[in-house]
Amino acid sequence: MLFRLCDTWGPPTILEWLSVDHNPYSFKQPDDIVESLARAERKALLDRIHRRDPAADSGAVDPKDPGVAGGARSGIGADEIGDHLRTVRPFEYLSADLLTVFLLDVTFGNIGLIEKHWVPAALPALIERCRQLAEADVNNPLLIGLLGVARNVGFFADVVAGFLTPWEGAGRVTPNVHDLAIDLVLENWARADGWVPVRNLLAADREATLVMIEKMIDRDRDVGQFRRQDLLSLLDWLVEASHPATRAVLHPFRIVEEREVFQGLVGVRDINSLSGPDDRAVKTLVERAVDLHRLDQMLPVLGNWLRSPDPPFDRVRADGWITFLDNLDLDRRQERLLGERPAGLKPRRSVVRRLSSTAAADIDVGPAGAGTSVELPVRWTLADPADHGEDAGIAWLAHRYDPGMARAGGPSEGEISFFGNGAGRVAVVLSSTTHQDGQGSRAVCCHTAYKDFAARVDVGVAAFCRAALETEESPSQGGRPPGLAVSGPDVAIAETIDAFGFGAVAATAALLIDGPVTIVIDGHRAQRPPRSLRMAFLDAVLALLPSGVRTSFTACTWVEKDIHRFRLAFSGRGSVRDRHLVHWNRFPAVPEIVSGYAFDYYQRLLLLRRRFANTRPIVDSLADADVLTESGSNLDLGFSGHRVAIMTGVNPIIALFMERSGNGSDKSNKDLRKAVERMSDAAAGRSGEVGDDAAALSILFADGNLSHVEQVASYVERLWEFGYLDNTIVALLERSRKNSDRDARIRAGAVAMVRRLRVENPWPVVDRAICESPAAAIELMVQEARVGAIDRVGMWLHRFNHESKIPRELQLFVAVHDDRDSNMDTFSGLDSHGEDAWRALLQVAKVRDRVNQRKWLPFLLHHCAERCPEVVAAFRFIERERAGTGDAGADCSPAAGWKIT
């Protein structure tokens, strides 16, 4: 120590310190002599810092000033103070003053010195320094270290209380410090005297109390546990403060948490105490009731509050409650408990609510839109850029989106375009009907408000275009009418999607998210598919995007030049820069999608189609998608933020399955957590038992949400690397032999695993397991045909046919694919496997007829008409439109050599 003192202060100064100390010392007590020198140095350090040393500059320095480092202007800093503290034993003399300065410049490596020399008088400085650090960064390592010091010296609660106390002159604590304080309370609070000031500060702050309750509930939900006792203890602790600011807020939470039956104990008055601009606290209380399986008791109270005159519901607040109530997925019984909703809170996504059960059998898949007729209010204008009237903007846009100025005999004669103006109106431009005047010919435009279109025309863009065209081509003496009688198609749009090929339509819709798309149709104009068929395909594509996309969408049935005007257009020109190409003649094959939003959206659509085993719920849900994003602007595929929204929250069916998992029971949630843990273990390289992995995958496929099922891909690859994926697949197929919706989801997931690996060579163990499970074999055909992979259907059939392993249920597929003889008994083999089996067979027939030059498709359409009439109607519609005339099922004679017995 003497060496350090001499180096720092010089021998004369040390001698002076010793000469003025007249206390008696003994050489047998050297520590007392050392402490004497330490006292002298400590006083000298503070004298210099406070400008009492004549050698120091003049001017006062406030050590509590956060902008001044301790001793910076006097030449004394944390290093000198640290050297002093490091070489002396703790004693109280001037320790508080020295630590106050030291804290201003302390480094992470020196915080142990604070704990070593701690005195309670230094607490204000410690609180002040922690607050300064928290203001800048709550994750600062130095802050974390100082909080550890506070905990070790027994003043942690005092520091937290300091965080909750506003600085002098400030109305409130800053949000980041406030949130940090609440997190620290949740992790460390205790029923001890030291925490009473913290409790009282929290109880006096309504917002802090609500935030703390919400965070406690969120933490329980994140770990999948609803620890009632922990939250109840916290509520009781806050109630002990008995502060009027939060007494009414705590009451309903405590009752819901404590009482199995609380009807009559929580009323409208209690809900009013929680309400606010966004009603976050009310929604948290309802969600907690859901967590505790007590929603039925909460619904009557909530309904009475919603119907009471006290909460004024403006548009934003009402929209928030509509979304919240829709996401609760109330069944009919629960809707009755809630009671009639006020007019401004009517559900807007009834279809999504019907999908609360993931079982396909529980989904209403009745006809939607097919054959319906509605009256649509419209206005008419000319495609005239010089128009300055009421519809000047629409007239200018109509001129821009005119398919081709309707030159007689020109390539765009008779074509139609559709556009949304991004400001609440949608329109069609009819290039086949023109207005002649002194300025030449101009196309006619029919437009309507999108809200009317969305509310009344759930039958698609094609119906709107067709009605406008028919009205314009059949003029009445009274001029163009202010309303259109719009009739829906005879075939449901969902069936049309499947008949075109779900994968091809889904891929085209997904590509639109990524950029403009051209549907390339090769050949001469005479070979161009009829406009009605192109319009039907446009409807099919738009049906797999949220309905709000139409508000700013542009499309045309045929374009020869300036194709960049349209997001989607049909054309004979394939070499256009910056546009995705989809080849019409290759359907039902899926166009190539490499990566990006398009790939993700396409994969999610396929996953949802597999989950529902039907297209109609997807279409119905997307038709109910909100028009507006959270920012209040119309959905526009040109904006990246809106494209992200379509992948998540604005797209209701994706949002639903991002959130839902399990069947709501405690056992289901526990099993799902175990399955996710096993998946994480595999990702970390920890192999397990085949049975464990099969059980985990079964739960993930049957009960997992969208995120869980998407993560299965990497899980499968890891099992492949471990070397026991084949046995896991076999175990999965053995677990899913029952004819239930849950087993069907497991089976479909197992088949998807097999397809994903694309094993081209025979895979004896798995091939045999699929053949021994006819339902799995049919599911394999269905999934391959759904994406137009008819060549892979043939590959599987040939692999299964090796050594006569092919099941009887696949004999009809073999006959159609290879153009072989069969007998009528094979038809009955598919009857028990649902409509998707027939769709797959018809897709195989449609593609193989082109190769084999046979007529299997009309033959099958004729013989399947009674088995699956809606499926047959969709395929017949496409084939009839493609042929241009007649009934696609008229020629139904079997292929040559077909034996019917």
# chains A, B, ... in the order shown; residues from 1 in each chain; ligands from 1

call {"tool": "residues_around", "arguments": {"residues": "Trp838 in chain A", "least_positions_apart": "5", "cutoff": "10 Å", "atoms": "only C-alpha atoms", "output": "VMD selection string"}}
result
chain A and resid 778 782 827 830 to 831 833 843 to 844 860 to 861 864 867 to 868 871 to 872

call {"tool": "residues_around", "arguments": {"residues": "Val177 in chain A", "least_positions_apart": "2", "cutoff": "7 Å", "atoms": "only C-alpha atoms", "output": "PyMOL selection string"}}
result
chain A and resi 134-135+163+173-175+179-181

call {"tool": "closest_residue", "arguments": {"among": "A:Thr518, A:Ser640, A:Thr557, A:Thr471", "to": "Ser417 in chain A", "atoms": "only C-alpha atoms"}}
result
A:Thr557

call {"tool": "residues_around", "arguments": {"residues": "Lys215 in chain A", "least_positions_apart": "4", "cutoff": "9 Å", "atoms": "only C-alpha atoms", "output": "ChimeraX atom specification"}}
result
/A:182-183,186,210-211,219-220

call {"tool": "write_last_selection", "arguments": {"atoms": "C-alpha atoms", "output": "mmCIF file, in the first residue's frame"}}
result
data_model
loop_
_atom_site.group_PDB
_atom_site.id
_atom_site.type_symbol
_atom_site.label_atom_id
_atom_site.label_comp_id
_atom_site.auth_asym_id
_atom_site.auth_seq_id
_atom_site.Cartn_x
_atom_site.Cartn_y
_atom_site.Cartn_z
ATOM 1 C CA ILE A 182 -42.539 -4.488 -12.999
ATOM 2 C CA ASP A 183 -40.448 -7.367 -14.379
ATOM 3 C CA LEU A 186 -42.681 -10.309 -10.722
ATOM 4 C CA LEU A 210 -52.842 -3.826 -14.819
ATOM 5 C CA VAL A 211 -49.548 -4.240 -16.687
ATOM 6 C CA ARG A 219 -45.773 -15.659 -18.478
ATOM 7 C CA ASP A 220 -48.019 -18.485 -17.344
#

call {"tool": "select_by_dssp", "arguments": {"residues": "range 74-137 of chain A", "states": "alpha helix (DSSP H)", "output": "PyMOL selection string"}}
result
chain A and resi 78-87+95-105+111-116+123-136

call {"tool": "residues_around", "arguments": {"residues": "Phe91 in chain A", "least_positions_apart": "6", "cutoff": "10 Å", "atoms": "only C-alpha atoms", "output": "count of residues only"}}
result
7

call {"tool": "closest_residue", "arguments": {"among": "A:Leu295, A:Cys465, A:Ala645, A:Leu146", "to": "Leu123 in chain A", "atoms": "only C-alpha atoms"}}
result
A:Leu146

call {"tool": "closest_residue", "arguments": {"among": "A:Leu725, A:Ala504, A:Val712, A:Arg882", "to": "Arg786 in chain A", "atoms": "only C-alpha atoms"}}
result
A:Ala504
